[in-house]
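**Student:** Pasting a structure below so you can have a look.
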Amino acid sequence: MDLGAIAAVVAAGVTTLGLPATYLQARAARFAADNAVEAAKIAARALHAEARRTAQRQAYVDLLAAADGFEKAAVGMSWCASLPPRSPAREDAETRLDDAHTALSKAASLVALDAPEAVIPLVERLKHVADVCLLSSRSEEDVEWPTDDGMVLGSYVPALYRRARQAFVDHVRQSLNADLVTQASDSVRP
């Protein structure tokens with residue numbers, strides 16, 4: 001056999017063996033690229049979930065701060081309720097209570113936009129009791145007011161408000177802690 005023919009046969013053999021190797025290399029590269037894309041998707045979902053949880057926590061904190069501000073303004077108003085209607089101290093207390101109620105309403109609306117379904121009734125209850133508290137605090141008489149618990153004397157509304165706030169805090173704390181447990185167990189899984 002001639003040397004050129006041997007070289008041609010060897011070259012054909014190498015080419016024949018090289019095509020499957022190239023194919024396998026291409027498949028391995030595609031598999032690696034698919035894994036990289038999937039890892040990027042998982043990282044993006046985790047980043048989005050963390051950003052959402054952070055936004056929810058901040059909305060919860062803002063609502064609690066507004067709820068505390070409203071309670072403080074309601075207590076201030078209760079001290080001024082016996083003053084004459086046009087006295088400067090009473091008008092100042094009413095203005096602070098109105099501003100605190102507005103802040104509470106805005107914070108409750110923000111929480112309701114992105115909260116889990118189980119939190120929304122608690123936010124609505126807190127807001128409703130705040131509405132009743134706002135109205136009852138301006139009354140000079142201890143009359144009954146409609147609430148989710150039925151008719152309640154105005155003097156009892158602040159206690160309802162504190163219970164509604166505490167129910168919200170308890171549920172949110174439980175929900176956030178459950179998220180942390182779920183997140184930890186997801187990170188442990190292979």
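We name chains A, B, ... following the order of the structure tokens; residues begin at 1 in each chain, and ligands are numbered from 1 as shown.
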Please extract the residues of range 27-163 of chain A with a backbone DSSP assignment of strand (DSSP E) and present them as a PyMOL selection string.
**Tutor:** chain A and resi 144-147+150-153
**Student:** Taking only C-alpha atoms into account, name the residue in A:Leu83, A:Ala93, A:Leu160, A:Ala103 that is nearest to His128 in chain A.
**Tutor:** A:Leu160
**Student:** Listing only residues of range 89-147 of chain A within 12 Å of range 62-72 of chain A, what is the closest atom pair and its distance in Å (to one decimal) for each, using only C-alpha atoms, sorted by chain and residue number ascending, as CSV?
**Tutor:**
residue,atom,partner,partner_atom,distance
A:Ala93,CA,A:Lys72,CA,10.4
A:Glu94,CA,A:Phe70,CA,11.3
A:Thr95,CA,A:Phe70,CA,11.5
A:Arg96,CA,A:Phe70,CA,8.5
A:Leu97,CA,A:Phe70,CA,6.5
A:Asp98,CA,A:Phe70,CA,8.7
A:Asp99,CA,A:Phe70,CA,8.4
A:Ala100,CA,A:Phe70,CA,4.7
A:His101,CA,A:Phe70,CA,5.9
A:Thr102,CA,A:Ala66,CA,9.0
A:Ala103,CA,A:Ala66,CA,5.9
A:Leu104,CA,A:Ala66,CA,4.8
A:Ser105,CA,A:Ala66,CA,8.5
A:Lys106,CA,A:Leu63,CA,8.4
A:Ala107,CA,A:Leu63,CA,4.8
A:Ala108,CA,A:Leu63,CA,6.0
A:Ser109,CA,A:Leu63,CA,9.2
A:Leu110,CA,A:Leu63,CA,8.4
A:Val111,CA,A:Leu63,CA,7.4
A:Ala112,CA,A:Leu63,CA,10.4
A:Ala115,CA,A:Leu63,CA,12.0
A:Leu122,CA,A:Leu63,CA,11.8
A:Val123,CA,A:Leu63,CA,9.0
A:Glu124,CA,A:Leu63,CA,11.9
A:Leu126,CA,A:Ala67,CA,8.5
A:Lys127,CA,A:Ala67,CA,9.0
A:Val129,CA,A:Ala67,CA,10.9
A:Ala130,CA,A:Phe70,CA,7.9
A:Asp131,CA,A:Phe70,CA,10.5
A:Cys133,CA,A:Glu71,CA,9.1
A:Leu134,CA,A:Phe70,CA,9.0
A:Ser137,CA,A:Glu71,CA,11.0
**Student:** For the selection just defined, write its residues with N, CA, C and O atoms to a file, as a short mmCIF file (atom, residue, chain, number, x, y, z; two decimals), in the first residue's frame.
**Tutor:**
data_model
loop_
_atom_site.label_atom_id
_atom_site.label_comp_id
_atom_site.auth_asym_id
_atom_site.auth_seq_id
_atom_site.Cartn_x
_atom_site.Cartn_y
_atom_site.Cartn_z
N ALA A 93 -55.40 67.88 69.54
CA ALA A 93 -55.51 66.43 69.76
C ALA A 93 -56.31 65.78 68.63
O ALA A 93 -55.96 64.70 68.15
N GLU A 94 -57.38 66.44 68.18
CA GLU A 94 -58.18 65.91 67.07
C GLU A 94 -57.36 65.87 65.78
O GLU A 94 -57.44 64.89 65.02
N THR A 95 -56.56 66.89 65.54
CA THR A 95 -55.71 66.93 64.35
C THR A 95 -54.68 65.80 64.39
O THR A 95 -54.46 65.11 63.39
N ARG A 96 -54.03 65.62 65.54
CA ARG A 96 -53.06 64.53 65.68
C ARG A 96 -53.72 63.18 65.47
O ARG A 96 -53.17 62.30 64.81
N LEU A 97 -54.94 63.01 65.99
CA LEU A 97 -55.66 61.74 65.82
C LEU A 97 -56.03 61.52 64.35
O LEU A 97 -55.89 60.42 63.83
N ASP A 98 -56.49 62.57 63.69
CA ASP A 98 -56.83 62.45 62.26
C ASP A 98 -55.60 62.09 61.44
O ASP A 98 -55.66 61.22 60.55
N ASP A 99 -54.48 62.75 61.71
CA ASP A 99 -53.24 62.45 60.98
C ASP A 99 -52.78 61.02 61.24
O ASP A 99 -52.36 60.32 60.31
N ALA A 100 -52.87 60.60 62.48
CA ALA A 100 -52.46 59.23 62.82
C ALA A 100 -53.40 58.21 62.16
O ALA A 100 -52.94 57.16 61.69
N HIS A 101 -54.68 58.52 62.10
CA HIS A 101 -55.63 57.62 61.44
C HIS A 101 -55.34 57.53 59.95
O HIS A 101 -55.40 56.44 59.36
N THR A 102 -55.01 58.65 59.33
CA THR A 102 -54.66 58.65 57.90
C THR A 102 -53.41 57.80 57.66
O THR A 102 -53.36 57.01 56.71
N ALA A 103 -52.40 57.97 58.51
CA ALA A 103 -51.17 57.17 58.37
C ALA A 103 -51.46 55.68 58.55
O ALA A 103 -50.93 54.85 57.81
N LEU A 104 -52.32 55.35 59.50
CA LEU A 104 -52.69 53.95 59.72
C LEU A 104 -53.43 53.40 58.50
O LEU A 104 -53.16 52.28 58.06
N SER A 105 -54.33 54.16 57.95
CA SER A 105 -55.10 53.72 56.77
C SER A 105 -54.17 53.46 55.58
O SER A 105 -54.31 52.47 54.87
N LYS A 106 -53.23 54.37 55.36
CA LYS A 106 -52.28 54.18 54.25
C LYS A 106 -51.41 52.95 54.46
O LYS A 106 -51.18 52.16 53.54
N ALA A 107 -50.90 52.79 55.67
CA ALA A 107 -50.06 51.63 55.97
C ALA A 107 -50.84 50.33 55.84
O ALA A 107 -50.33 49.33 55.31
N ALA A 108 -52.10 50.33 56.27
CA ALA A 108 -52.94 49.13 56.15
C ALA A 108 -53.21 48.81 54.68
O ALA A 108 -53.19 47.64 54.28
N SER A 109 -53.42 49.83 53.88
CA SER A 109 -53.63 49.60 52.44
C SER A 109 -52.40 49.01 51.79
O SER A 109 -52.49 48.11 50.95
N LEU A 110 -51.23 49.50 52.16
CA LEU A 110 -49.98 48.98 51.60
C LEU A 110 -49.78 47.51 51.98
O LEU A 110 -49.41 46.69 51.14
N VAL A 111 -50.05 47.18 53.23
CA VAL A 111 -49.92 45.78 53.66
C VAL A 111 -50.91 44.90 52.91
O VAL A 111 -50.56 43.81 52.46
N ALA A 112 -52.12 45.38 52.74
CA ALA A 112 -53.16 44.57 52.08
C ALA A 112 -52.83 44.30 50.61
O ALA A 112 -53.28 43.31 50.06
N ALA A 115 -49.87 41.33 51.05
CA ALA A 115 -49.88 40.38 52.16
C ALA A 115 -50.49 39.05 51.73
O ALA A 115 -51.31 38.99 50.81
N LEU A 122 -56.99 40.31 59.22
CA LEU A 122 -56.45 40.92 60.44
C LEU A 122 -56.17 42.40 60.23
O LEU A 122 -56.41 43.22 61.13
N VAL A 123 -55.68 42.74 59.05
CA VAL A 123 -55.43 44.16 58.73
C VAL A 123 -56.75 44.91 58.66
O VAL A 123 -56.88 46.02 59.19
N GLU A 124 -57.75 44.31 58.02
CA GLU A 124 -59.07 44.95 57.92
C GLU A 124 -59.70 45.13 59.30
O GLU A 124 -60.32 46.16 59.57
N LEU A 126 -58.07 45.45 62.18
CA LEU A 126 -57.33 46.52 62.85
C LEU A 126 -57.80 47.89 62.35
O LEU A 126 -58.05 48.80 63.14
N LYS A 127 -57.97 48.02 61.05
CA LYS A 127 -58.42 49.29 60.48
C LYS A 127 -59.85 49.61 60.92
O LYS A 127 -60.16 50.76 61.27
N VAL A 129 -61.44 48.63 63.66
CA VAL A 129 -61.45 49.01 65.07
C VAL A 129 -60.86 50.42 65.23
O VAL A 129 -61.33 51.21 66.04
N ALA A 130 -59.85 50.76 64.41
CA ALA A 130 -59.30 52.12 64.45
C ALA A 130 -60.34 53.14 64.01
O ALA A 130 -60.43 54.23 64.59
N ASP A 131 -61.15 52.78 63.01
CA ASP A 131 -62.22 53.69 62.57
C ASP A 131 -63.21 53.94 63.71
O ASP A 131 -63.60 55.08 63.97
N CYS A 133 -62.63 53.52 66.87
CA CYS A 133 -61.90 54.23 67.93
C CYS A 133 -61.84 55.73 67.61
O CYS A 133 -62.02 56.56 68.50
N LEU A 134 -61.62 56.06 66.36
CA LEU A 134 -61.59 57.47 65.94
C LEU A 134 -62.92 58.14 66.24
O LEU A 134 -62.97 59.23 66.83
N SER A 137 -63.72 58.25 70.12
CA SER A 137 -62.87 59.14 70.92
C SER A 137 -63.39 60.58 70.91
O SER A 137 -63.08 61.36 71.80
#
